[in-house]
Every structure is written in structure tokens, then in C-alpha cells.
Amino acid sequence: MTISVRKVAAVAALSAALGTALAGCGGGNGTSEGGREARLGDSPGTAPSASAPASPGSPGAAPEPNAPVSPLPGAPGKAPTMAPGPNGLTPVFERAKQTGDKTVALTFDADMTSDQGPRAAAGEQFDNPQLIATLRALKVPSTIFMTGRWAEEYPDQAKSIGTDPNFEIANHSYSHHAFKSPCYGLPALDGEAARADVDRAFAAFRKAGAVNTVPYFRFPGGCYDDQALRALSPAKVTAVQWDVVSGDAFAKDPDAVAEQVLAGVKPGSVVVMHCTRSAAPVTEEAIQKIVPELRRRGYRFVKVSELIGK
């Protein structure tokens, strides 16, 4: 595919202009000056979560006769996490360290706020089942950053995604409110409410019957600072940002979205896209162009958990 500088610039401008309308989700890197001290995405130093013991049957693991064979539905799985940052701050992953292994993680934010039920009832489509079907057909492992409210609105889809080994569900908060203010006009949560919001999202995944959940979190709007990282630390999650913005928010040209992704991807990249038809109507079409071209270039698609575990 030929990269069009004009198209890339146009979609970038459109994405920036409409970022506020999407409440900033995936609109930038979101890092603050203070938050950089816990941003460890380019560091090779990753560590298993201290709360995740070895699976029964793995080397060195003691037998656990009464242990469940699989995680409880909706409970964060035993995926690799990063070691805490300075002063115990929640670690932040942006992309994997570049190696000869050409891997890339496509991530999709399933956005829905706590007060958008009436809009869904009136017919607005916050889901995108055709996108999920295309990812399955193309055999693309993916990470879905889901809000708890989305899981409540579409429990059957949440369960279907969360029981498919092709996918993993990560936490995108319950209400899609901001963990730092200002953040694209989003209502802000204080520290205690922020942690409760994360727990409520995992509870919504559990209620929907999702199993393939991972201990990763994406800040709404990508906005965070040290206070947000500190508030999130008891949840023992790794915060996941991105290094490639797809520009799919409200885009009308799938070719331009595809070209922006293809221009930005490097080995170890995390691409942020959306799984919300009303806010990102051409994402599925763009995926049909992105996937074969990246494979032609020698890339292998992986979930975020594989990038973090490298």
C-alpha cells in the first residue's frame, strides 16, 4: 500500500479536531510530566505479578488438588505484569523493546459511559460485532479494553469475546470517567472512587461470564499522573498506553486510517483503535487493509500479554 502523506495528515487533523467528542479516548499518549517516572514500556524489565502464583503442573509449582483448573469468570487471569514503578506506582507499558521479532498488538477500546444507556436504547450502536467477526476470520489475536458499562449493555458479546482464546479483555474502567483532570471534558474521579470504578468493571466482566480477562488497565482518555498511578496501585494492574494512534475516531476514510497505522507501526508497537460503531464507523474496513499489509511486511499479531511477557 502506498503511503499518502496528504491522507495521513488529513486523518490526523480530523482525529485531533474530534478528540473531544470522543472524550479523548485514544487521542494522544496521555502521559504527564509526573507520570513519566513510572512509564517503563521500553524497559526490558518485566516481572510476573506477585499475586499470580505458578499454574498447577508448571515446573516448580506445588500440586493444588482443590485449585480450580481455570480462573473464575471475570477475574484477572495469570498474564504477565510489570514490576511496580518508583515508590510503588502502577507501572505503565507503551510498547515492547525493539528486537528482531516483528510483533505488533492491535488493541480496541470498547467505550461506553455510565450515562449512555438512553442513547443505546434509542438505537446508538456502541458495539461492533462485524469488527470482532473480521478479527476472528483473519485470525488476529487482539486485546479489547472494555468498560464495565459496555459489558453490561452487551453481556452476550462480552461473554463471547471473553471466552474466545483469540481475545483477552482488559479493564478500561467502568464509567469511562477521567482519572486525572482536565481530560477532554470527562468527569473526574477521586482516588477512592477511581479504584472502586476499576473493581466495578471487573465485576461486570465476571457477571457477563467473561473468562479471558487480564490485569491490564487503560486510562480513559489516556490521561494520568502520579496521583492516578498511586490510586490504581492497590489493583495490582499494569497500565497500558500505546505508541500508534490509528485516527479511527469518527474517521470516514478507512484507507486513511490504514495508512496512518501502517506509517506508525514498528516492532513491539501497541496500536489503539476502537470497537464502537457510532464513534469509529470505518475501523472494520481499515482492519481488512492493515492486517494483510502488515503480514506482508513480516509482522506477527499478538495480544498485549505477549508483548509484556517478552
# chains A, B, ... in the order shown; residues from 1 in each chain; ligands from 1
>>> residues_around(residues="A:Thr134", least_positions_apart="3", cutoff="8 Å", atoms="only C-alpha atoms", output="PyMOL selection string")
chain A and resi 130-131+137-138+284+288
>>> residues_around(residues="A:Ile161", least_positions_apart="6", cutoff="9 Å", atoms="only C-alpha atoms", output="list in words")
Ile132, Ile144, Phe167, Glu168, Ile169, Ala210 and Asn212 of chain A
>>> select_by_dssp(residues="stretch 155-279 of chain A", states="strand (DSSP E)", output="ChimeraX atom specification")
/A:167-171,213-217,238-240,244-245,269-274
>>> residues_around(residues="A:Ala231", least_positions_apart="5", cutoff="12 Å", atoms="only C-alpha atoms", output="MDAnalysis selection string")
chainID A and resid 88:90 179:180 189:198 224:226 236:237
>>> select_by_dssp(residues="stretch 50-260 of chain A", states="alpha helix (DSSP H)", output="VMD selection string")
chain A and resid 117 to 121 129 to 137 148 to 153 155 to 162 191 to 208 226 to 232 254 to 260
>>> closest_residue(among="A:Gly117, A:Gly309, A:Pro234, A:Gly298", to="A:Arg149", atoms="only C-alpha atoms")
A:Gly117
>>> residues_around(residues="A:Thr238", least_positions_apart="3", cutoff="10 Å", atoms="only C-alpha atoms", output="list in words")
Ser49, Pro80, Thr81, Met82, Ala83, Pro84, Leu89, Thr90, Pro91, Val92, Phe93, Val214, Pro215, Tyr216, Phe217, Arg218, Leu229, Leu232, Ser233, Ala235, Gln241 and Ile308 of chain A
>>> write_last_selection(atoms="C-alpha atoms", output="short mmCIF file (atom, residue, chain, number, x, y, z; two decimals), in the first residue's frame")
data_model
loop_
_atom_site.label_atom_id
_atom_site.label_comp_id
_atom_site.auth_asym_id
_atom_site.auth_seq_id
_atom_site.Cartn_x
_atom_site.Cartn_y
_atom_site.Cartn_z
CA SER A 49 2.64 -10.32 39.28
CA PRO A 80 2.44 -11.29 32.92
CA THR A 81 2.54 -7.89 34.58
CA MET A 82 5.30 -5.35 35.06
CA ALA A 83 7.05 -4.66 38.33
CA PRO A 84 5.82 -1.54 40.18
CA LEU A 89 3.44 3.44 41.44
CA THR A 90 1.43 1.44 38.92
CA PRO A 91 3.78 0.60 36.02
CA VAL A 92 2.95 1.89 32.54
CA PHE A 93 3.55 -0.04 29.32
CA VAL A 214 -6.11 -9.85 32.13
CA PRO A 215 -4.74 -7.50 34.83
CA TYR A 216 -4.24 -4.57 32.48
CA PHE A 217 -5.86 -1.15 32.61
CA ARG A 218 -6.18 1.68 30.10
CA LEU A 229 -0.95 5.79 39.29
CA LEU A 232 -4.52 2.42 40.92
CA SER A 233 -1.61 0.64 42.62
CA ALA A 235 -5.40 -3.09 42.00
CA GLN A 241 -0.96 3.04 26.78
CA ILE A 308 4.56 -7.54 28.14
#
>>> closest_residue(among="A:Pro187, A:Pro141, A:Pro165, A:Gly222", to="A:Val291", atoms="only C-alpha atoms")
A:Pro141
>>> residues_around(residues="A:Asp255", least_positions_apart="3", cutoff="9 Å", atoms="only C-alpha atoms", output="PyMOL selection string")
chain A and resi 7+258-260+285-286+289
>>> write_last_selection(atoms="N, CA, C and O atoms", output="compact mmCIF listing (two decimals), in the first residue's frame")
# COMPACT_ATOMS: atom_id res chain seq x y z
N LYS A 7 -3.13 12.12 3.02
CA LYS A 7 -4.20 11.43 3.74
C LYS A 7 -3.86 11.27 5.21
O LYS A 7 -4.71 11.41 6.08
N ALA A 258 -5.94 3.22 7.73
CA ALA A 258 -4.97 2.16 7.49
C ALA A 258 -3.58 2.74 7.24
O ALA A 258 -2.57 2.25 7.77
N GLU A 259 -3.52 3.80 6.44
CA GLU A 259 -2.22 4.38 6.12
C GLU A 259 -1.56 4.99 7.35
O GLU A 259 -0.33 4.92 7.52
N GLN A 260 -2.37 5.58 8.24
CA GLN A 260 -1.79 6.15 9.45
C GLN A 260 -1.20 5.06 10.34
O GLN A 260 -0.11 5.23 10.91
N GLU A 285 -13.35 -1.85 8.23
CA GLU A 285 -12.82 -1.77 6.87
C GLU A 285 -11.31 -1.51 6.88
O GLU A 285 -10.57 -2.07 6.06
N ALA A 286 -10.87 -0.66 7.79
CA ALA A 286 -9.44 -0.38 7.88
C ALA A 286 -8.65 -1.64 8.25
O ALA A 286 -7.55 -1.87 7.72
N LYS A 289 -7.49 -3.86 5.56
CA LYS A 289 -6.35 -3.37 4.80
C LYS A 289 -5.05 -3.48 5.63
O LYS A 289 -3.99 -3.79 5.10
>>> residues_around(residues="A:Asp248", least_positions_apart="6", cutoff="8 Å", atoms="only C-alpha atoms", output="list in words")
Ser15, Pro254, Val257, Met273, His274, Ala280, Pro281, Val282 and Thr283 of chain A
